[in-house]
file query-v8.txt (compact mmCIF, C-alpha atoms)
# COMPACT_ATOMS: atom_id res chain seq x y z
CA MET Z 1 16.06 -9.70 -20.17
CA SER Z 2 16.97 -6.01 -20.08
CA ASN Z 3 15.20 -4.09 -17.35
CA LYS Z 4 15.66 -0.64 -18.85
CA PHE Z 5 12.62 1.41 -19.75
CA ASN Z 6 11.96 5.00 -20.74
CA LEU Z 7 11.03 6.65 -17.45
CA GLU Z 8 10.27 10.08 -18.87
CA LYS Z 9 8.02 8.70 -21.59
CA THR Z 10 6.23 6.59 -18.99
CA LEU Z 11 5.66 9.61 -16.76
CA VAL Z 12 4.15 11.50 -19.70
CA LYS Z 13 1.74 8.60 -20.27
CA THR Z 14 0.77 8.41 -16.61
CA GLU Z 15 0.10 12.14 -16.43
CA ALA Z 16 -2.16 11.99 -19.50
CA GLN Z 17 -4.10 9.03 -18.13
CA LEU Z 18 -4.46 10.56 -14.65
CA ASN Z 19 -5.72 13.75 -16.28
CA TYR Z 20 -8.40 11.66 -17.98
CA GLN Z 21 -9.30 10.04 -14.66
CA CYS Z 22 -9.83 13.48 -13.14
CA GLU Z 23 -12.40 14.17 -15.86
CA VAL Z 24 -14.18 10.93 -14.93
CA VAL Z 25 -14.08 11.63 -11.20
CA ASP Z 26 -15.25 15.23 -11.57
CA LYS Z 27 -18.65 13.91 -12.62
CA PHE Z 28 -19.14 12.54 -9.09
CA ASN Z 29 -18.26 15.80 -7.28
CA LYS Z 30 -21.68 16.36 -5.72
CA ASN Z 31 -21.45 13.12 -3.77
CA GLU Z 32 -17.76 13.53 -2.85
CA LEU Z 33 -16.85 10.07 -4.11
CA LEU Z 34 -13.41 8.77 -5.02
CA PRO Z 35 -12.31 6.11 -7.54
CA ARG Z 36 -11.55 2.59 -6.37
CA SER Z 37 -11.80 0.09 -9.24
CA ILE Z 38 -13.90 -1.21 -12.12
CA ASP Z 39 -16.75 -3.69 -11.87
CA LYS Z 40 -18.70 -4.97 -14.88
CA ASN Z 41 -17.30 -2.18 -17.05
CA GLU Z 42 -18.46 0.51 -14.64
CA VAL Z 43 -16.21 2.69 -12.49
CA VAL Z 44 -16.53 1.95 -8.77
CA MET Z 45 -16.65 5.15 -6.70
CA VAL Z 46 -16.45 5.09 -2.91
CA PRO Z 47 -17.03 7.49 0.02
CA SER Z 48 -14.31 8.79 2.31
CA ASN Z 49 -14.68 5.97 4.84
CA ASP Z 50 -13.67 3.30 2.31
CA TRP Z 51 -10.16 2.05 3.05
CA THR Z 52 -8.99 2.99 -0.46
CA SER Z 53 -10.18 6.62 -0.35
CA GLY Z 54 -6.79 8.23 0.23
CA PHE Z 55 -4.96 6.76 -2.73
CA PHE Z 56 -6.41 8.96 -5.48
CA PRO Z 57 -5.63 12.25 -3.68
CA GLY Z 58 -2.16 10.85 -3.01
CA GLU Z 59 -1.63 10.27 -6.72
CA LEU Z 60 -2.57 13.89 -7.40
CA TRP Z 61 -0.05 15.15 -4.85
CA MET Z 62 2.66 13.00 -6.40
CA MET Z 63 1.81 14.26 -9.87
CA PHE Z 64 2.10 17.84 -8.62
CA GLU Z 65 5.49 17.01 -7.15
CA LEU Z 66 6.56 15.47 -10.45
CA THR Z 67 5.37 18.23 -12.74
CA GLY Z 68 5.12 21.41 -10.68
CA ASP Z 69 1.87 22.12 -12.54
CA ALA Z 70 -0.48 24.06 -10.24
CA LYS Z 71 -3.56 22.26 -11.57
CA TRP Z 72 -2.42 19.07 -9.85
CA LYS Z 73 -2.04 20.86 -6.55
CA GLU Z 74 -5.53 22.36 -6.88
CA ARG Z 75 -7.00 18.96 -7.61
CA ALA Z 76 -5.06 17.34 -4.78
CA ILE Z 77 -6.32 19.90 -2.26
CA LYS Z 78 -9.88 19.47 -3.42
CA TYR Z 79 -9.99 15.68 -3.18
CA THR Z 80 -7.86 15.47 -0.03
CA GLU Z 81 -10.40 17.60 1.80
CA TYR Z 82 -13.09 15.00 1.08
CA LEU Z 83 -11.42 12.92 3.79
CA GLU Z 84 -11.19 15.50 6.57
CA ASN Z 85 -13.73 13.86 8.89
CA GLU Z 86 -11.88 10.54 8.79
CA GLN Z 87 -9.32 11.95 11.23
CA PHE Z 88 -11.78 10.95 13.97
CA ASN Z 89 -12.44 7.47 12.60
CA GLU Z 90 -11.50 4.96 15.31
CA SER Z 91 -13.30 2.01 13.70
CA THR Z 92 -10.47 0.78 11.45
CA HIS Z 93 -6.69 0.55 11.18
CA ASP Z 94 -7.06 1.73 7.59
CA VAL Z 95 -7.02 5.39 8.61
CA GLY Z 96 -3.28 5.11 8.07
CA PHE Z 97 -3.83 4.36 4.39
CA MET Z 98 -6.68 6.83 4.09
CA MET Z 99 -5.03 9.83 5.69
CA TYR Z 100 -1.28 9.40 5.32
CA CYS Z 101 -1.53 8.75 1.58
CA SER Z 102 -3.66 11.88 1.16
CA TYR Z 103 -2.93 14.40 3.90
CA GLY Z 104 0.52 12.94 4.51
CA ASN Z 105 1.66 13.57 0.96
CA GLY Z 106 -0.01 16.96 1.08
CA TYR Z 107 1.78 17.97 4.26
CA GLN Z 108 5.17 16.81 2.99
CA ILE Z 109 4.73 18.95 -0.11
CA THR Z 110 3.04 22.06 1.32
CA GLY Z 111 3.80 22.17 5.05
CA ASN Z 112 0.15 23.13 5.60
CA GLN Z 113 -0.33 23.30 9.38
CA LYS Z 114 -3.99 22.32 9.10
CA TYR Z 115 -2.89 19.09 7.47
CA LYS Z 116 -0.44 18.51 10.31
CA ALA Z 117 -3.16 18.89 12.93
CA ILE Z 118 -5.45 16.53 11.03
CA LEU Z 119 -2.71 13.92 10.78
CA ILE Z 120 -1.91 14.11 14.48
CA GLN Z 121 -5.57 13.60 15.31
CA THR Z 122 -5.61 10.65 12.90
CA ALA Z 123 -2.63 9.13 14.73
CA LYS Z 124 -4.60 9.44 17.98
CA SER Z 125 -7.53 7.65 16.36
CA LEU Z 126 -5.27 4.87 15.09
CA ALA Z 127 -3.53 4.55 18.47
CA SER Z 128 -6.91 4.11 20.17
CA ARG Z 129 -7.00 0.64 18.60
CA TYR Z 130 -3.84 -0.48 20.41
CA ASN Z 131 -4.10 -3.26 22.99
CA SER Z 132 -1.29 -3.38 25.55
CA LYS Z 133 -1.82 -7.10 26.19
CA VAL Z 134 -1.52 -8.03 22.55
CA LYS Z 135 0.98 -5.22 21.92
CA SER Z 136 -0.66 -4.61 18.56
CA ILE Z 137 -3.24 -2.46 16.84
CA ARG Z 138 -6.50 -4.23 16.08
CA SER Z 139 -7.11 -4.39 12.35
CA TRP Z 140 -10.81 -5.15 11.99
CA ASP Z 141 -13.94 -4.70 14.06
CA HIS Z 142 -16.07 -6.75 11.66
CA SER Z 143 -16.38 -10.55 11.50
CA GLU Z 144 -16.65 -10.98 15.28
CA ASP Z 145 -17.88 -14.51 14.64
CA LEU Z 146 -14.52 -15.32 13.06
CA TYR Z 147 -11.99 -13.32 15.06
CA THR Z 148 -11.35 -12.09 18.59
CA PHE Z 149 -8.53 -9.58 18.01
CA PRO Z 150 -7.41 -9.85 14.37
CA VAL Z 151 -4.12 -8.36 13.20
CA ILE Z 152 -3.36 -8.46 9.47
CA ILE Z 153 0.01 -8.06 7.78
CA ASP Z 154 -1.45 -5.06 5.90
CA ASN Z 155 -1.43 -3.19 9.21
CA MET Z 156 2.35 -2.77 8.92
CA MET Z 157 1.66 -0.07 6.34
CA ASN Z 158 -0.01 2.12 8.96
CA MET Z 159 3.04 2.32 11.21
CA GLU Z 160 4.42 5.15 9.09
CA LEU Z 161 1.70 7.51 10.33
CA LEU Z 162 2.55 6.71 13.95
CA LEU Z 163 6.27 7.19 13.35
CA TRP Z 164 5.57 10.52 11.69
CA ALA Z 165 3.35 11.65 14.58
CA SER Z 166 6.07 10.99 17.16
CA LYS Z 167 8.63 12.84 15.08
CA GLU Z 168 6.35 15.85 14.58
CA THR Z 169 5.07 16.06 18.18
CA GLY Z 170 8.18 14.94 20.02
CA ASP Z 171 6.00 12.44 21.88
CA PRO Z 172 7.43 8.88 21.80
CA TYR Z 173 3.98 7.40 22.51
CA TYR Z 174 3.10 6.77 18.88
CA LYS Z 175 6.53 5.42 17.93
CA ASN Z 176 6.48 3.03 20.88
CA ILE Z 177 3.16 1.63 19.70
CA ALA Z 178 4.59 1.18 16.20
CA ILE Z 179 7.65 -0.63 17.58
CA ASN Z 180 5.57 -2.90 19.79
CA HIS Z 181 3.20 -3.71 16.95
CA THR Z 182 6.11 -4.45 14.63
CA ASN Z 183 7.83 -6.70 17.17
CA THR Z 184 4.61 -8.64 17.70
CA THR Z 185 4.24 -9.02 13.95
CA LEU Z 186 7.85 -10.15 13.63
CA LYS Z 187 7.30 -12.75 16.32
CA ASN Z 188 4.03 -14.23 15.10
CA HIS Z 189 3.28 -13.49 11.46
CA PHE Z 190 6.16 -15.22 9.66
CA ARG Z 191 6.75 -18.83 8.75
CA SER Z 192 10.17 -20.50 8.66
CA ASP Z 193 10.56 -19.55 4.97
CA ASN Z 194 9.76 -15.90 5.84
CA SER Z 195 6.45 -15.91 4.05
CA SER Z 196 3.68 -14.23 6.02
CA TYR Z 197 0.32 -15.29 7.31
CA HIS Z 198 -2.42 -12.85 6.41
CA VAL Z 199 -4.32 -12.83 9.72
CA VAL Z 200 -3.13 -13.62 13.24
CA ASP Z 201 -5.95 -13.69 15.76
CA TYR Z 202 -5.13 -12.97 19.42
CA SER Z 203 -6.81 -13.13 22.77
CA SER Z 204 -7.44 -9.53 23.77
CA GLU Z 205 -7.19 -10.53 27.42
CA THR Z 206 -3.94 -12.52 27.43
CA GLY Z 207 -2.26 -11.57 24.14
CA GLU Z 208 -1.86 -15.24 23.23
CA VAL Z 209 -2.19 -16.34 19.62
CA ILE Z 210 -5.51 -18.07 18.92
CA LYS Z 211 -5.02 -18.94 15.26
CA LYS Z 212 -3.18 -18.02 12.07
CA VAL Z 213 -5.36 -17.91 8.97
CA THR Z 214 -6.03 -16.10 5.71
CA ASN Z 215 -8.84 -13.85 4.56
CA GLN Z 216 -7.73 -12.92 1.04
CA GLY Z 217 -5.20 -15.62 0.19
CA TYR Z 218 -5.97 -19.03 -1.30
CA ALA Z 219 -5.53 -20.98 1.97
CA ASP Z 220 -4.23 -20.44 5.49
CA GLU Z 221 -0.76 -21.78 4.70
CA THR Z 222 -0.29 -20.19 1.26
CA ALA Z 223 1.58 -16.98 0.49
CA TRP Z 224 -0.89 -14.29 -0.58
CA ALA Z 225 1.17 -12.04 -2.86
CA ARG Z 226 0.00 -8.63 -1.67
CA GLY Z 227 0.50 -9.71 1.93
CA GLN Z 228 4.15 -10.43 1.20
CA ALA Z 229 4.41 -6.98 -0.43
CA TRP Z 230 2.90 -5.22 2.61
CA GLY Z 231 5.43 -6.91 4.86
CA LEU Z 232 8.39 -5.98 2.68
CA TYR Z 233 7.36 -2.35 2.51
CA GLY Z 234 6.39 -2.07 6.18
CA PHE Z 235 9.59 -3.50 7.62
CA THR Z 236 11.64 -1.28 5.31
CA VAL Z 237 9.81 1.79 6.69
CA MET Z 238 10.41 0.59 10.25
CA PHE Z 239 14.14 0.27 9.61
CA ARG Z 240 14.22 3.75 8.13
CA ALA Z 241 12.66 5.19 11.27
CA THR Z 242 14.43 3.14 13.96
CA LYS Z 243 17.64 1.82 12.37
CA ASP Z 244 16.88 -1.46 14.14
CA GLU Z 245 18.84 -4.10 12.23
CA ALA Z 246 16.21 -6.73 13.04
CA TYR Z 247 13.78 -4.86 10.79
CA LEU Z 248 16.31 -4.59 7.97
CA ASP Z 249 17.06 -8.30 8.28
CA GLN Z 250 13.37 -9.16 8.06
CA ALA Z 251 12.83 -6.91 5.04
CA GLU Z 252 15.75 -8.65 3.32
CA ARG Z 253 14.38 -12.09 4.18
CA ILE Z 254 10.97 -11.18 2.77
CA ALA Z 255 12.63 -9.83 -0.37
CA GLU Z 256 14.53 -13.08 -0.79
CA PHE Z 257 11.33 -15.11 -0.42
CA ILE Z 258 9.57 -13.00 -3.06
CA LEU Z 259 12.37 -12.70 -5.60
CA THR Z 260 13.60 -16.29 -5.49
CA HIS Z 261 10.22 -18.01 -5.31
CA LYS Z 262 9.88 -20.79 -7.85
CA ASN Z 263 6.49 -19.46 -8.92
CA MET Z 264 7.59 -15.86 -9.52
CA PRO Z 265 7.13 -15.16 -13.26
CA GLU Z 266 10.05 -13.86 -15.31
CA ASP Z 267 8.47 -10.42 -15.62
CA LYS Z 268 8.29 -10.22 -11.78
CA ILE Z 269 4.54 -9.55 -11.70
CA PRO Z 270 3.40 -12.16 -9.16
CA TYR Z 271 0.34 -14.32 -9.33
CA TRP Z 272 -2.24 -13.24 -6.77
CA ASP Z 273 -1.07 -16.04 -4.46
CA PHE Z 274 2.34 -17.69 -4.82
CA ASP Z 275 0.75 -21.06 -4.07
CA ALA Z 276 -2.52 -20.78 -5.99
CA PRO Z 277 -3.53 -24.22 -7.32
CA LYS Z 278 -3.88 -23.62 -11.05
CA LEU Z 279 -0.59 -21.89 -11.85
CA PRO Z 280 0.26 -20.58 -14.36
CA ASN Z 281 -3.43 -20.15 -15.16
CA GLU Z 282 -4.09 -17.82 -12.25
CA PRO Z 283 -4.66 -14.04 -12.19
CA ARG Z 284 -1.68 -11.77 -11.66
CA ASP Z 285 -1.62 -8.97 -9.11
CA ALA Z 286 -0.15 -5.74 -10.46
CA SER Z 287 -0.87 -4.07 -7.12
CA ALA Z 288 1.46 -6.49 -5.32
CA ALA Z 289 4.11 -5.85 -7.97
CA ALA Z 290 3.84 -2.06 -7.59
CA ILE Z 291 4.16 -2.25 -3.79
CA ILE Z 292 7.14 -4.59 -4.11
CA ALA Z 293 8.85 -2.28 -6.61
CA SER Z 294 8.39 0.77 -4.41
CA GLY Z 295 9.57 -1.10 -1.34
CA LEU Z 296 12.64 -2.48 -3.11
CA LEU Z 297 13.64 0.95 -4.37
CA GLU Z 298 13.84 2.14 -0.77
CA LEU Z 299 15.28 -1.06 0.66
CA GLY Z 300 18.01 -0.97 -1.98
CA GLY Z 301 19.38 2.17 -0.37
CA TYR Z 302 19.86 0.44 2.99
CA SER Z 303 20.89 -3.09 2.10
CA LYS Z 304 24.09 -4.82 1.06
CA ASN Z 305 21.91 -6.42 -1.59
CA GLY Z 306 21.06 -3.01 -3.03
CA LYS Z 307 21.96 -3.74 -6.65
CA GLU Z 308 19.87 -6.92 -6.69
CA TYR Z 309 16.86 -5.07 -5.30
CA LEU Z 310 17.18 -2.14 -7.67
CA ASP Z 311 17.54 -4.47 -10.64
CA ALA Z 312 14.39 -6.34 -9.58
CA ALA Z 313 12.49 -3.09 -9.09
CA ASN Z 314 13.53 -1.97 -12.56
CA THR Z 315 12.31 -5.24 -14.04
CA ILE Z 316 8.94 -4.80 -12.33
CA LEU Z 317 8.61 -1.20 -13.47
CA LYS Z 318 9.53 -2.12 -17.03
CA SER Z 319 6.83 -4.80 -17.00
CA LEU Z 320 4.19 -2.57 -15.45
CA SER Z 321 5.03 0.18 -17.93
CA SER Z 322 4.58 -2.11 -20.92
CA LYS Z 323 1.46 -2.39 -23.05
CA ASP Z 324 0.59 -5.58 -21.14
CA TYR Z 325 -0.15 -3.65 -17.94
CA LEU Z 326 -0.22 0.11 -18.57
CA ASN Z 327 -3.65 1.14 -19.81
CA LYS Z 328 -3.91 3.27 -22.94
CA LYS Z 329 -4.87 6.92 -22.56
CA GLY Z 330 -8.62 7.37 -22.42
CA THR Z 331 -9.41 3.79 -21.42
CA ALA Z 332 -10.28 2.01 -18.15
CA PHE Z 333 -11.82 5.19 -16.66
CA GLY Z 334 -8.34 6.63 -16.27
CA PHE Z 335 -6.84 3.93 -14.05
CA LEU Z 336 -3.16 3.48 -14.80
CA LEU Z 337 -2.61 -0.26 -14.42
CA ALA Z 338 -4.54 -3.33 -15.51
CA HIS Z 339 -4.50 -6.82 -13.99
CA SER Z 340 -4.75 -6.44 -10.22
CA THR Z 341 -6.50 -8.88 -7.91
CA GLY Z 342 -8.39 -7.47 -4.95
CA ASN Z 343 -10.07 -10.33 -3.09
CA TRP Z 344 -10.04 -13.62 -4.97
CA PRO Z 345 -11.88 -15.74 -2.36
CA ARG Z 346 -14.83 -13.36 -2.56
CA ASN Z 347 -14.64 -12.98 -6.34
CA SER Z 348 -14.11 -9.24 -5.89
CA GLU Z 349 -11.96 -7.06 -8.17
CA ILE Z 350 -10.41 -9.95 -10.10
CA ASP Z 351 -8.10 -8.96 -12.97
CA GLU Z 352 -9.21 -5.33 -12.75
CA PRO Z 353 -7.58 -1.93 -12.32
CA ILE Z 354 -7.46 -0.92 -8.62
CA VAL Z 355 -6.50 2.48 -7.27
CA TYR Z 356 -3.85 1.33 -4.81
CA ALA Z 357 -1.95 -0.38 -7.62
CA ASP Z 358 -1.80 3.00 -9.36
CA TYR Z 359 -0.72 4.78 -6.18
CA TYR Z 360 2.26 2.54 -5.46
CA TYR Z 361 3.19 2.39 -9.13
CA LEU Z 362 3.33 6.18 -9.27
CA GLU Z 363 5.25 6.25 -5.99
CA ALA Z 364 7.76 3.77 -7.43
CA LEU Z 365 8.17 5.90 -10.55
CA ASN Z 366 8.78 8.93 -8.36
CA ARG Z 367 11.37 7.05 -6.33
CA LYS Z 368 13.04 5.85 -9.51
CA LYS Z 369 13.20 9.40 -10.84
CA ARG Z 370 14.75 10.69 -7.60
CA LEU Z 371 17.27 7.87 -7.62
CA ASN Z 372 18.22 8.64 -11.22
CA ALA Z 373 18.72 12.30 -10.28
CA MET Z 374 21.09 11.26 -7.49
CA LEU Z 375 23.06 8.88 -9.69
CA TYR Z 376 23.32 11.10 -12.73
call {"tool": "encode", "arguments": {"input": "query-v8.txt", "output": "structure tokens"}}
result
Amino acid sequence: MSNKFNLEKTLVKTEAQLNYQCEVVDKFNKNELLPRSIDKNEVVMVPSNDWTSGFFPGELWMMFELTGDAKWKERAIKYTEYLENEQFNESTHDVGFMMYCSYGNGYQITGNQKYKAILIQTAKSLASRYNSKVKSIRSWDHSEDLYTFPVIIDNMMNMELLLWASKETGDPYYKNIAINHTNTTLKNHFRSDNSSYHVVDYSSETGEVIKKVTNQGYADETAWARGQAWGLYGFTVMFRATKDEAYLDQAERIAEFILTHKNMPEDKIPYWDFDAPKLPNEPRDASAAAIIASGLLELGGYSKNGKEYLDAANTILKSLSSKDYLNKKGTAFGFLLAHSTGNWPRNSEIDEPIVYADYYYLEALNRKKRLNAMLY
């Protein structure tokens, strides 16, 4: 199966659809809400403290970078500023998603010093969740009846904010936390086949592992697709920042697990869990696919397996850019991709568009465009 697709035509489609989404979102301006997903044919809008709040502003920044059109910058500034107070949010690890996807993209593009200060404060808030016994950042404060000190594989995505903060401030404090967290994850989150547990619960007093379970996968010992994607992406970022070969090796091992899995469909859009019981009659997860594609496009630049990873990323992007996954202009409240799975065990956001799928899809398209510019 050829993995070529028309990147420029796809980018035109995504810009038109994102422009439509801005029209939808503008109607909620008074309440400063941001798009998350669709539920019962209604758009789901969320406040700034929702973990997904930073993805939509991030998309706008990326679209400005792609097009140079000032309207995208104006929109990105407007919606990014909805999140300003979250820099002081110490109640969740998700501030990394919320603030680095919004303010982080904004700072990289504009160099705005206010954004820099906000991001440094956010890194302080994230670092406040670090436990020196566990040598990890606590993921959740909720569900105290289930967990003592839960750490989820998703948390690897928030290391990039800490790495950035150390680089910008010259203070190794944040980077050291990121390295310790990553080493703890490397030690405890992965099975012998290099699939990842979703949640590892620790004793906050001794740092010992209490249990390894799932929250969003099918079962404790199954491979939740988006969890595998978070790990791939996160360890790739850690190698970029540290050049520690152990992180590159782990990213490659995760990639091998994903790409060679017997239940990976030909189009490389995974089912929501690689071990779900009713395959192939299970929902897909376009969000996992988009994260995998973006991660592979970066990992391909570091690894001896680069061609394999880039070919796989191209296959994923071709699939996501097809009529089977890319929503038509003016439909689905402006969300780009169909067929994501948010939280199957809780029957939440099943086979629906979800904003983080769009974010990582657009990031992957951006990375593909930059790579093409380098090659040609």
call {"tool": "closest_residue", "arguments": {"input": "query-v8.txt", "among": "Z:Ser287, Z:Thr222, Z:Thr331, Z:Thr169", "to": "Ile316 in chain Z", "atoms": "all atoms listed in the file"}}
result
Z:Ser287
call {"tool": "residues_near_point", "arguments": {"input": "query-v8.txt", "point": "(-7.4, -20.5, 14.1)", "cutoff": "12 Å", "atoms": "all atoms listed in the file", "output": "number ranges by chain"}}
result
Z: 146-150, 197-203, 208-215, 220-221
call {"tool": "write_last_selection", "arguments": {"input": "query-v8.txt", "atoms": "C-alpha atoms", "output": "JSON list (two decimals), in the coordinates of the input"}}
result
[["chain", "number", "residue", "atom", "x", "y", "z"],
["Z", 146, "LEU", "CA", -14.52, -15.32, 13.06],
["Z", 147, "TYR", "CA", -11.99, -13.32, 15.06],
["Z", 148, "THR", "CA", -11.35, -12.09, 18.59],
["Z", 149, "PHE", "CA", -8.53, -9.58, 18.01],
["Z", 150, "PRO", "CA", -7.41, -9.85, 14.37],
["Z", 197, "TYR", "CA", 0.32, -15.29, 7.31],
["Z", 198, "HIS", "CA", -2.42, -12.85, 6.41],
["Z", 199, "VAL", "CA", -4.32, -12.83, 9.72],
["Z", 200, "VAL", "CA", -3.13, -13.62, 13.24],
["Z", 201, "ASP", "CA", -5.95, -13.69, 15.76],
["Z", 202, "TYR", "CA", -5.13, -12.97, 19.42],
["Z", 203, "SER", "CA", -6.81, -13.13, 22.77],
["Z", 208, "GLU", "CA", -1.86, -15.24, 23.23],
["Z", 209, "VAL", "CA", -2.19, -16.34, 19.62],
["Z", 210, "ILE", "CA", -5.51, -18.07, 18.92],
["Z", 211, "LYS", "CA", -5.02, -18.94, 15.26],
["Z", 212, "LYS", "CA", -3.18, -18.02, 12.07],
["Z", 213, "VAL", "CA", -5.36, -17.91, 8.97],
["Z", 214, "THR", "CA", -6.03, -16.10, 5.71],
["Z", 215, "ASN", "CA", -8.84, -13.85, 4.56],
["Z", 220, "ASP", "CA", -4.23, -20.44, 5.49],
["Z", 221, "GLU", "CA", -0.76, -21.78, 4.70]]
call {"tool": "residues_around", "arguments": {"input": "query-v8.txt", "residues": "Glu23 in chain Z", "least_positions_apart": "2", "cutoff": "12 Å", "atoms": "all atoms listed in the file", "output": "list of chain:residue names"}}
result
Z:Ala16, Z:Gln17, Z:Leu18, Z:Asn19, Z:Tyr20, Z:Gln21, Z:Val25, Z:Asp26, Z:Lys27, Z:Phe28, Z:Asn29, Z:Pro35, Z:Arg75, Z:Gly330, Z:Phe333, Z:Gly334, Z:Phe335
call {"tool": "residues_around", "arguments": {"input": "query-v8.txt", "residues": "range 94-100 of chain Z", "least_positions_apart": "4", "cutoff": "10 Å", "atoms": "only C-alpha atoms", "output": "compact mmCIF listing (two decimals) with C-alpha atoms, in the frame of the given file"}}
result
# COMPACT_ATOMS: atom_id res chain seq x y z
CA SER Z 48 -14.31 8.79 2.31
CA ASN Z 49 -14.68 5.97 4.84
CA ASP Z 50 -13.67 3.30 2.31
CA TRP Z 51 -10.16 2.05 3.05
CA THR Z 52 -8.99 2.99 -0.46
CA SER Z 53 -10.18 6.62 -0.35
CA GLY Z 54 -6.79 8.23 0.23
CA PHE Z 55 -4.96 6.76 -2.73
CA PHE Z 56 -6.41 8.96 -5.48
CA PRO Z 57 -5.63 12.25 -3.68
CA GLY Z 58 -2.16 10.85 -3.01
CA THR Z 80 -7.86 15.47 -0.03
CA LEU Z 83 -11.42 12.92 3.79
CA GLU Z 84 -11.19 15.50 6.57
CA GLU Z 86 -11.88 10.54 8.79
CA GLN Z 87 -9.32 11.95 11.23
CA PHE Z 88 -11.78 10.95 13.97
CA ASN Z 89 -12.44 7.47 12.60
CA GLU Z 90 -11.50 4.96 15.31
CA GLY Z 104 0.52 12.94 4.51
CA ASN Z 105 1.66 13.57 0.96
CA GLY Z 106 -0.01 16.96 1.08
CA TYR Z 107 1.78 17.97 4.26
CA TYR Z 115 -2.89 19.09 7.47
CA ILE Z 118 -5.45 16.53 11.03
CA LEU Z 119 -2.71 13.92 10.78
CA THR Z 122 -5.61 10.65 12.90
CA ALA Z 123 -2.63 9.13 14.73
CA SER Z 125 -7.53 7.65 16.36
CA LEU Z 126 -5.27 4.87 15.09
CA SER Z 139 -7.11 -4.39 12.35
CA TRP Z 140 -10.81 -5.15 11.99
CA ASP Z 154 -1.45 -5.06 5.90
CA ASN Z 155 -1.43 -3.19 9.21
CA MET Z 156 2.35 -2.77 8.92
CA MET Z 157 1.66 -0.07 6.34
CA ASN Z 158 -0.01 2.12 8.96
CA MET Z 159 3.04 2.32 11.21
CA GLU Z 160 4.42 5.15 9.09
CA LEU Z 161 1.70 7.51 10.33
CA LEU Z 162 2.55 6.71 13.95
CA TRP Z 164 5.57 10.52 11.69
CA TYR Z 356 -3.85 1.33 -4.81
call {"tool": "residues_around", "arguments": {"input": "query-v8.txt", "residues": "Ala241 in chain Z", "least_positions_apart": "3", "cutoff": "10 Å", "atoms": "all atoms listed in the file", "output": "ChimeraX atom specification"}}
result
/Z:160,163-164,167,175,179,235-238,244
call {"tool": "closest_residue", "arguments": {"input": "query-v8.txt", "among": "Z:Met63, Z:Val134, Z:Tyr233, Z:Glu168", "to": "Thr185 in chain Z", "atoms": "all atoms listed in the file"}}
result
Z:Val134
call {"tool": "residues_near_point", "arguments": {"input": "query-v8.txt", "point": "(-0.4, 3.4, -9.0)", "cutoff": "12 Å", "atoms": "only C-alpha atoms", "output": "number ranges by chain"}}
result
Z: 11, 14-15, 17-18, 36-37, 55-60, 62-63, 101, 286-291, 293-294, 317, 320-321, 325-327, 334-338, 340, 353-366
call {"tool": "atom_distance", "arguments": {"input": "query-v8.txt", "atom1": "CA of Ser102 in chain Z", "atom2": "CA of Lys368 in chain Z"}}
result
20.7 Å
call {"tool": "closest_residue", "arguments": {"input": "query-v8.txt", "among": "Z:Asp285, Z:Glu205, Z:Asp171, Z:Asp145", "to": "Asn343 in chain Z", "atoms": "all atoms listed in the file"}}
result
Z:Asp285
call {"tool": "residues_around", "arguments": {"input": "query-v8.txt", "residues": "Asn347 in chain Z", "least_positions_apart": "3", "cutoff": "12 Å", "atoms": "only C-alpha atoms", "output": "VMD selection string"}}
result
chain Z and resid 39 216 to 218 283 341 to 344 350 to 352
call {"tool": "atom_distance", "arguments": {"input": "query-v8.txt", "atom1": "CA of Ala246 in chain Z", "atom2": "CA of Ile258 in chain Z"}}
result
18.5 Å
call {"tool": "axis_aligned_box", "arguments": {"input": "query-v8.txt", "around": "range 193-198 of chain Z", "padding_each_side": "8 Å", "output": "lines of an AutoDock Vina configuration file"}}
result
center_x = 4.1
center_y = -16.2
center_z = 5.7
size_x = 29.0
size_y = 22.7
size_z = 19.3
call {"tool": "atom_distance", "arguments": {"input": "query-v8.txt", "atom1": "CA of Arg226 in chain Z", "atom2": "CA of Ile292 in chain Z"}}
result
8.6 Å
call {"tool": "closest_residue", "arguments": {"input": "query-v8.txt", "among": "Z:Ala223, Z:Leu299, Z:Val46, Z:Met264", "to": "Tyr247 in chain Z", "atoms": "only C-alpha atoms"}}
result
Z:Leu299
call {"tool": "build_atoms", "arguments": {"input": "query-v8.txt", "residues": "range 34-40 of chain Z", "atoms": "N, CA and C atoms", "output": "compact mmCIF listing (two decimals), in the frame of the given file"}}
result
# COMPACT_ATOMS: atom_id res chain seq x y z
N LEU Z 34 -14.78 8.93 -4.53
CA LEU Z 34 -13.41 8.77 -5.02
C LEU Z 34 -13.29 7.42 -5.74
N PRO Z 35 -12.40 7.33 -6.74
CA PRO Z 35 -12.31 6.11 -7.54
C PRO Z 35 -11.61 4.97 -6.81
N ARG Z 36 -12.16 3.77 -6.98
CA ARG Z 36 -11.55 2.59 -6.37
C ARG Z 36 -11.15 1.54 -7.41
N SER Z 37 -12.08 1.17 -8.29
CA SER Z 37 -11.80 0.09 -9.24
C SER Z 37 -12.85 0.09 -10.34
N ILE Z 38 -12.90 -1.02 -11.06
CA ILE Z 38 -13.90 -1.21 -12.12
C ILE Z 38 -14.63 -2.51 -11.86
N ASP Z 39 -15.94 -2.49 -12.03
CA ASP Z 39 -16.75 -3.69 -11.87
C ASP Z 39 -17.79 -3.73 -12.99
N LYS Z 40 -17.76 -4.79 -13.77
CA LYS Z 40 -18.70 -4.97 -14.88
C LYS Z 40 -18.71 -3.75 -15.81
